[in-house]
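**Student:** Before I ask anything, here is the structure I am working with.
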Amino acid sequence: MFKLVAEQENARTGILKTAHGKIETPFFMPVATKGAVKLVSNSELEEAGTKCIICNAYLLSISPGTKIVKKAGGIHKFIGWNKGIFTDSGGFQTLSEKFLIKADEKGVTFKNPFDKSTSFLSPEKAVEIQNLLESDVAMCLDDVPLHGSTLTRIKESAERTTRWAERCKNAHKNKKQLLFGICQGGLNEKLRQKSSKEIAKIEFDGNAIGGLCIGETNSERNKMVKVSNSQFQKDKPRYLMGVGSPKDILECISHGVDIFDSCFPARIARHRTAMTSKGNINILNARFAKDFKPLDKKCECFTCQNHSRAFIRHLAKTKEENSLRLLSIHNISFVQKIAKEAKLAIKENRFDKMVKDFKRNKQKVF
RNA sequence: GCCCUGGUAGUCUAUCGGUUAGGAUACGGCCCUGUCGAGGCUGUGAGGCGGGUUCAACUCCCGCCCAGGGCG
């Protein structure tokens, strides 16, 4: 299922075996909430170096519904993606006022975002949906406390997440599908440690770190990542949910994380920001009007091989949506390249140097 | 030559005899991290020129300049 290949201090590279092939870690999953990464086609995703994406099981269960996906022959056939697919349970949507109506021990009641109906999601239901979708990796339903929650609330959510994790494990029937547990614990070291230990004990196929990237500082996040990874089995994949940026990914790889997912690269692309080795740039800036260089000098993505900053800026200025697509392709490629280079660097025992070079190269922080 | 209308940031425009002259766009900056979000926040920047009335004028009056329209 998961095999460690090489390590350098806490950083590791390995191979995750799924029903749709082996995926080398560390890897980054672009977010395809409703079955597609916004503005980017599947072939463009592949060309960008994507081996795995993550969809949202809860949202897919509302539209088009599990029946249609099943009839299509499973989620891979439905969305036309033959590589890895994780599905998120919907737990993260509890953070959004637009979704949450109430959450208690039984599960979560959500507003349906597409109409005015409501739906109920229990741990069992979340697993059942993901079983029916036939994703490669299913995620447990967790109870995520908002950033800044009281200790009482963080404790409640962590304990409930463990109970829900056990229920998810018992409900999981799809033998071809892996199931990952998720820890909580907010920013409290003891609760985070306890939660991670409890999740590890249930013996999932992989362990995820949840409840981060919701407003905490980088050092707070890194601390929690270290705490969780210290409790997780070394021979199981570790997935940090919600990260992110090149810098964050590199930092967390150095703390032993194997898998990442985030809407960040694609979202900031839609907001006209391009990631470069020297920091993020806002392509709308006047200084790019006559800049005929690619977004990033060393990038080999479709965008950088074919188009200049000046052209992309021109498209963005004139509100041509293709500009956002080109930026999305670039940012996803950029992050994929970081993950790929990290993998090689760990194998060659020079990952620490890679991180140092990366940070030195930048004029500002990502 | 005469008449009319109008001159407010780089551009377009709102309002007003008295508080920080509002907005759009442009320019600059910041943010976004298990997505219903191609979004959000923010900074710089303005009353053609000269005179008059008034306690007080971007605002009312006069002249000039400029622009647009009309008549000859």
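Ordered as shown in the structure tokens, chains take letters A, B, and onward, while each chain numbers its residues from 1 and ligands are numbered from 1 in the order shown.
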Could the residues of chain A that have an atom at most 6 Å from chain B be listed as JSON lines, each with its closest atom pair and the distance in Å to one decimal, counting only C-alpha atoms (C1' of nucleotides) and ordered by chain and ascending residue number?
**Tutor:**
```
{"residue": "A:Phe92", "atom": "CA", "partner": "B:G34", "partner_atom": "C1'", "distance": 6.0}
{"residue": "A:Pro113", "atom": "CA", "partner": "B:C36", "partner_atom": "C1'", "distance": 5.6}
{"residue": "A:Cys213", "atom": "CA", "partner": "B:U33", "partner_atom": "C1'", "distance": 5.8}
{"residue": "A:Met241", "atom": "CA", "partner": "B:G34", "partner_atom": "C1'", "distance": 4.7}
{"residue": "A:Gly242", "atom": "CA", "partner": "B:G34", "partner_atom": "C1'", "distance": 5.0}
{"residue": "A:Val243", "atom": "CA", "partner": "B:U33", "partner_atom": "C1'", "distance": 5.0}
{"residue": "A:Gly244", "atom": "CA", "partner": "B:U33", "partner_atom": "C1'", "distance": 4.5}
{"residue": "A:Ser262", "atom": "CA", "partner": "B:U33", "partner_atom": "C1'", "distance": 5.7}
{"residue": "A:Phe264", "atom": "CA", "partner": "B:U33", "partner_atom": "C1'", "distance": 4.9}
{"residue": "A:Arg270", "atom": "CA", "partner": "B:A38", "partner_atom": "C1'", "distance": 4.7}
```
**Student:** Write the residues you've just listed into a file as a PDB file, in the first residue's frame, and include C-alpha atoms for each of them.
**Tutor:**
```
ATOM      1  CA  PHE A  92     -14.175  20.848   5.844  1.00  0.00           C
ATOM      2  CA  PRO A 113     -25.496  24.976  -1.962  1.00  0.00           C
ATOM      3  CA  CYS A 213      -4.430  26.267   7.174  1.00  0.00           C
ATOM      4  CA  MET A 241      -4.813  18.758   4.257  1.00  0.00           C
ATOM      5  CA  GLY A 242      -4.984  22.229   2.744  1.00  0.00           C
ATOM      6  CA  VAL A 243      -1.356  23.083   1.926  1.00  0.00           C
ATOM      7  CA  GLY A 244      -0.603  24.996  -0.360  1.00  0.00           C
ATOM      8  CA  SER A 262      -4.871  22.774  -1.912  1.00  0.00           C
ATOM      9  CA  PHE A 264      -4.335  27.736  -3.415  1.00  0.00           C
ATOM     10  CA  ARG A 270      -7.692  33.142 -10.889  1.00  0.00           C
TER      11      ARG A 270
END
```
**Student:** Write down as a VMD selection string the residues belonging to segment 23-239 of chain A that are assigned helix (DSSP H, G or I) by DSSP computed on the backbone.
**Tutor:** chain A and resid 42 to 47 57 to 62 66 to 72 75 to 79 91 to 95 123 to 133 151 to 171 189 to 201 218 to 231
**Student:** I need the chosen residues saved as an mmCIF file, in the first residue's frame, with C-alpha atoms.
**Tutor:**
```
data_model
loop_
_atom_site.group_PDB
_atom_site.id
_atom_site.type_symbol
_atom_site.label_atom_id
_atom_site.label_comp_id
_atom_site.auth_asym_id
_atom_site.auth_seq_id
_atom_site.Cartn_x
_atom_site.Cartn_y
_atom_site.Cartn_z
ATOM 1 C CA ASN A 42 -7.481 16.944 -17.446
ATOM 2 C CA SER A 43 -4.852 16.740 -20.169
ATOM 3 C CA GLU A 44 -3.435 20.066 -19.022
ATOM 4 C CA LEU A 45 -3.354 18.752 -15.461
ATOM 5 C CA GLU A 46 -1.421 15.708 -16.618
ATOM 6 C CA GLU A 47 0.957 17.830 -18.634
ATOM 7 C CA ALA A 57 -17.590 13.584 -2.187
ATOM 8 C CA TYR A 58 -20.274 15.526 -0.375
ATOM 9 C CA LEU A 59 -20.734 18.029 -3.200
ATOM 10 C CA LEU A 60 -20.683 15.272 -5.813
ATOM 11 C CA SER A 61 -23.298 13.376 -3.845
ATOM 12 C CA ILE A 62 -25.608 16.349 -4.163
ATOM 13 C CA THR A 66 -23.839 8.931 -6.501
ATOM 14 C CA LYS A 67 -26.322 7.104 -8.735
ATOM 15 C CA ILE A 68 -25.237 8.945 -11.834
ATOM 16 C CA VAL A 69 -21.548 8.584 -11.013
ATOM 17 C CA LYS A 70 -22.064 4.870 -10.410
ATOM 18 C CA LYS A 71 -23.986 4.530 -13.655
ATOM 19 C CA ALA A 72 -21.125 6.262 -15.447
ATOM 20 C CA ILE A 75 -15.787 8.658 -10.631
ATOM 21 C CA HIS A 76 -12.755 8.046 -12.848
ATOM 22 C CA LYS A 77 -14.890 7.300 -15.855
ATOM 23 C CA PHE A 78 -17.384 10.007 -15.029
ATOM 24 C CA ILE A 79 -14.833 12.795 -14.924
ATOM 25 C CA GLY A 91 -15.961 17.693 6.881
ATOM 26 C CA PHE A 92 -14.175 20.848 5.844
ATOM 27 C CA GLN A 93 -17.458 22.389 4.748
ATOM 28 C CA THR A 94 -18.504 22.530 8.398
ATOM 29 C CA LEU A 95 -16.235 25.558 8.618
ATOM 30 C CA PRO A 123 -19.642 9.346 9.271
ATOM 31 C CA GLU A 124 -21.273 6.228 7.824
ATOM 32 C CA LYS A 125 -22.985 8.196 5.068
ATOM 33 C CA ALA A 126 -19.769 10.016 4.176
ATOM 34 C CA VAL A 127 -17.974 6.694 3.773
ATOM 35 C CA GLU A 128 -20.855 5.151 1.865
ATOM 36 C CA ILE A 129 -20.871 8.032 -0.603
ATOM 37 C CA GLN A 130 -17.144 7.654 -1.172
ATOM 38 C CA ASN A 131 -17.511 3.892 -1.536
ATOM 39 C CA LEU A 132 -20.117 4.449 -4.232
ATOM 40 C CA LEU A 133 -18.021 7.070 -6.000
ATOM 41 C CA LEU A 151 -10.209 24.663 24.352
ATOM 42 C CA THR A 152 -13.520 23.008 25.216
ATOM 43 C CA ARG A 153 -14.584 23.086 21.581
ATOM 44 C CA ILE A 154 -11.203 21.849 20.348
ATOM 45 C CA LYS A 155 -11.339 18.992 22.822
ATOM 46 C CA GLU A 156 -14.902 18.107 21.831
ATOM 47 C CA SER A 157 -14.025 18.141 18.127
ATOM 48 C CA ALA A 158 -10.921 16.024 18.599
ATOM 49 C CA GLU A 159 -12.739 13.410 20.674
ATOM 50 C CA ARG A 160 -15.694 13.366 18.321
ATOM 51 C CA THR A 161 -13.375 13.041 15.336
ATOM 52 C CA THR A 162 -11.894 9.904 16.897
ATOM 53 C CA ARG A 163 -15.333 8.400 17.490
ATOM 54 C CA TRP A 164 -16.360 9.307 13.956
ATOM 55 C CA ALA A 165 -13.122 7.812 12.635
ATOM 56 C CA GLU A 166 -13.987 4.487 14.260
ATOM 57 C CA ARG A 167 -17.449 4.636 12.745
ATOM 58 C CA CYS A 168 -15.956 5.436 9.332
ATOM 59 C CA LYS A 169 -13.579 2.507 9.590
ATOM 60 C CA ASN A 170 -16.459 0.148 10.474
ATOM 61 C CA ALA A 171 -18.581 1.463 7.622
ATOM 62 C CA GLU A 189 -0.107 20.498 21.474
ATOM 63 C CA LYS A 190 -1.513 17.963 23.924
ATOM 64 C CA LEU A 191 -4.859 17.626 22.197
ATOM 65 C CA ARG A 192 -3.188 17.430 18.811
ATOM 66 C CA GLN A 193 -0.871 14.728 20.083
ATOM 67 C CA LYS A 194 -3.693 12.761 21.682
ATOM 68 C CA SER A 195 -5.875 13.000 18.601
ATOM 69 C CA SER A 196 -3.043 11.945 16.283
ATOM 70 C CA LYS A 197 -2.256 8.987 18.506
ATOM 71 C CA GLU A 198 -5.890 7.865 18.592
ATOM 72 C CA ILE A 199 -6.248 8.151 14.827
ATOM 73 C CA ALA A 200 -3.018 6.232 14.272
ATOM 74 C CA LYS A 201 -4.252 3.493 16.578
ATOM 75 C CA ASN A 218 3.246 29.128 9.719
ATOM 76 C CA SER A 219 5.170 28.316 12.866
ATOM 77 C CA GLU A 220 1.989 27.247 14.671
ATOM 78 C CA ARG A 221 1.138 25.025 11.747
ATOM 79 C CA ASN A 222 4.616 23.553 11.530
ATOM 80 C CA LYS A 223 4.551 22.772 15.211
ATOM 81 C CA MET A 224 1.271 20.875 14.899
ATOM 82 C CA VAL A 225 2.553 19.028 11.842
ATOM 83 C CA LYS A 226 5.559 17.866 13.828
ATOM 84 C CA VAL A 227 3.381 16.801 16.743
ATOM 85 C CA SER A 228 1.065 14.779 14.512
ATOM 86 C CA ASN A 229 3.823 13.142 12.535
ATOM 87 C CA SER A 230 5.541 12.111 15.748
ATOM 88 C CA GLN A 231 2.430 10.039 16.566
#
```
**Student:** Could you pull out the strand (DSSP E or B) residues of segment 65-297 of chain A from DSSP and send them as a ChimeraX atom specification?
**Tutor:** /A:84-88,100-104,107-111,118-121,137-139,178-183,206-209,238-241,259-262,273-274,281-282
**Student:** Show me, as a PyMOL selection string, the residues that have an atom within 6 Å of segment 25-30 of chain A when counting only C-alpha atoms (C1' of nucleotides), minus same-chain residues fewer than 2 positions from it.
**Tutor:** chain A and resi 13-15+52-53+258-262+339
**Student:** If you keep C-alpha atoms, can you produce a file of those selected residues as a PDB file, in the first residue's frame?
**Tutor:**
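Contents of out_3.pdb, freshly written:
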```pdb
ATOM      1  CA  THR A  13       9.956   9.747  -0.433  1.00  0.00           C
ATOM      2  CA  GLY A  14       7.874   6.673  -1.041  1.00  0.00           C
ATOM      3  CA  ILE A  15       5.306   5.000  -3.213  1.00  0.00           C
ATOM      4  CA  CYS A  52      -3.598  12.631  -8.352  1.00  0.00           C
ATOM      5  CA  ILE A  53      -6.453  15.037  -7.691  1.00  0.00           C
ATOM      6  CA  ASP A 258       4.015  12.979   2.021  1.00  0.00           C
ATOM      7  CA  ILE A 259       0.792  14.243   0.501  1.00  0.00           C
ATOM      8  CA  PHE A 260      -0.679  17.705   0.014  1.00  0.00           C
ATOM      9  CA  ASP A 261      -3.766  19.207  -1.505  1.00  0.00           C
ATOM     10  CA  SER A 262      -4.871  22.774  -1.912  1.00  0.00           C
ATOM     11  CA  ALA A 339       7.157  18.335  -5.286  1.00  0.00           C
TER      12      ALA A 339
END
```
**Student:** Between A:Leu324, A:Leu315, A:Leu178, A:Leu250, single out the one closest to Lys340 of chain A, counting only C-alpha atoms.
**Tutor:** A:Leu250
**Student:** Excluding C66 of chain B and its own-chain neighbours fewer than 2 positions away, which residues fall within 12 Å of it when counting only C-alpha atoms (C1' of nucleotides)? Please give them as a PDB file with N, CA and C atoms (P, O5', C5', C4', C3', O3' and C1' of nucleotides), in the first residue's frame.
**Tutor:**
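The result, stored in part-v3.pdb:
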```pdb
ATOM      1  P     G B   6     -24.348  74.179 -18.227  1.00  0.00           P
ATOM      2  O5'   G B   6     -22.890  73.558 -18.392  1.00  0.00           O
ATOM      3  C5'   G B   6     -22.735  72.144 -18.446  1.00  0.00           C
ATOM      4  C4'   G B   6     -21.351  71.792 -18.921  1.00  0.00           C
ATOM      5  C3'   G B   6     -20.203  72.198 -18.019  1.00  0.00           C
ATOM      6  O3'   G B   6     -20.106  71.340 -16.906  1.00  0.00           O
ATOM      7  C1'   G B   6     -19.638  72.618 -20.276  1.00  0.00           C
ATOM      8  P     G B   7     -18.988  71.649 -15.794  1.00  0.00           P
ATOM      9  O5'   G B   7     -17.751  71.025 -16.531  1.00  0.00           O
ATOM     10  C5'   G B   7     -16.545  70.858 -15.843  1.00  0.00           C
ATOM     11  C4'   G B   7     -15.396  70.861 -16.810  1.00  0.00           C
ATOM     12  C3'   G B   7     -14.091  71.168 -16.108  1.00  0.00           C
ATOM     13  O3'   G B   7     -13.047  70.358 -16.586  1.00  0.00           O
ATOM     14  C1'   G B   7     -14.514  72.764 -17.830  1.00  0.00           C
ATOM     15  P     G B  48     -11.574  74.458 -12.206  1.00  0.00           P
ATOM     16  O5'   G B  48     -10.367  74.810 -13.164  1.00  0.00           O
ATOM     17  C5'   G B  48      -9.291  73.882 -13.331  1.00  0.00           C
ATOM     18  C4'   G B  48      -8.359  74.501 -14.331  1.00  0.00           C
ATOM     19  C3'   G B  48      -7.979  75.935 -13.978  1.00  0.00           C
ATOM     20  O3'   G B  48      -6.797  75.945 -13.206  1.00  0.00           O
ATOM     21  C1'   G B  48      -8.850  75.851 -16.181  1.00  0.00           C
ATOM     22  P     C B  49      -6.746  76.868 -11.927  1.00  0.00           P
ATOM     23  O5'   C B  49      -6.430  78.293 -12.559  1.00  0.00           O
ATOM     24  C5'   C B  49      -5.248  78.484 -13.341  1.00  0.00           C
ATOM     25  C4'   C B  49      -5.303  79.821 -14.019  1.00  0.00           C
ATOM     26  C3'   C B  49      -5.703  80.987 -13.112  1.00  0.00           C
ATOM     27  O3'   C B  49      -4.610  81.456 -12.344  1.00  0.00           O
ATOM     28  C1'   C B  49      -6.918  81.119 -15.121  1.00  0.00           C
ATOM     29  P     C B  64     -14.387  88.034 -22.435  1.00  0.00           P
ATOM     30  O5'   C B  64     -13.000  87.305 -22.127  1.00  0.00           O
ATOM     31  C5'   C B  64     -11.772  88.019 -22.268  1.00  0.00           C
ATOM     32  C4'   C B  64     -10.625  87.165 -21.779  1.00  0.00           C
ATOM     33  C3'   C B  64     -10.484  85.815 -22.471  1.00  0.00           C
ATOM     34  O3'   C B  64      -9.798  85.925 -23.698  1.00  0.00           O
ATOM     35  C1'   C B  64     -10.327  85.509 -20.128  1.00  0.00           C
ATOM     36  P     G B  68     -13.585  70.678 -29.967  1.00  0.00           P
ATOM     37  O5'   G B  68     -15.115  70.457 -29.624  1.00  0.00           O
ATOM     38  C5'   G B  68     -15.595  69.147 -29.296  1.00  0.00           C
ATOM     39  C4'   G B  68     -17.027  69.223 -28.831  1.00  0.00           C
ATOM     40  C3'   G B  68     -18.002  69.842 -29.834  1.00  0.00           C
ATOM     41  O3'   G B  68     -18.406  68.921 -30.833  1.00  0.00           O
ATOM     42  C1'   G B  68     -18.378  70.766 -27.699  1.00  0.00           C
TER      43        G B  68
END
```
**Student:** Which residue out of A:Asp142, A:Asp136, A:Glu7, A:Asp88 has the minimum interatomic distance to Asp104 of chain A when only C-alpha atoms are used?
**Tutor:**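 Closest to Asp104 of chain A of all the choices is A:Asp142.
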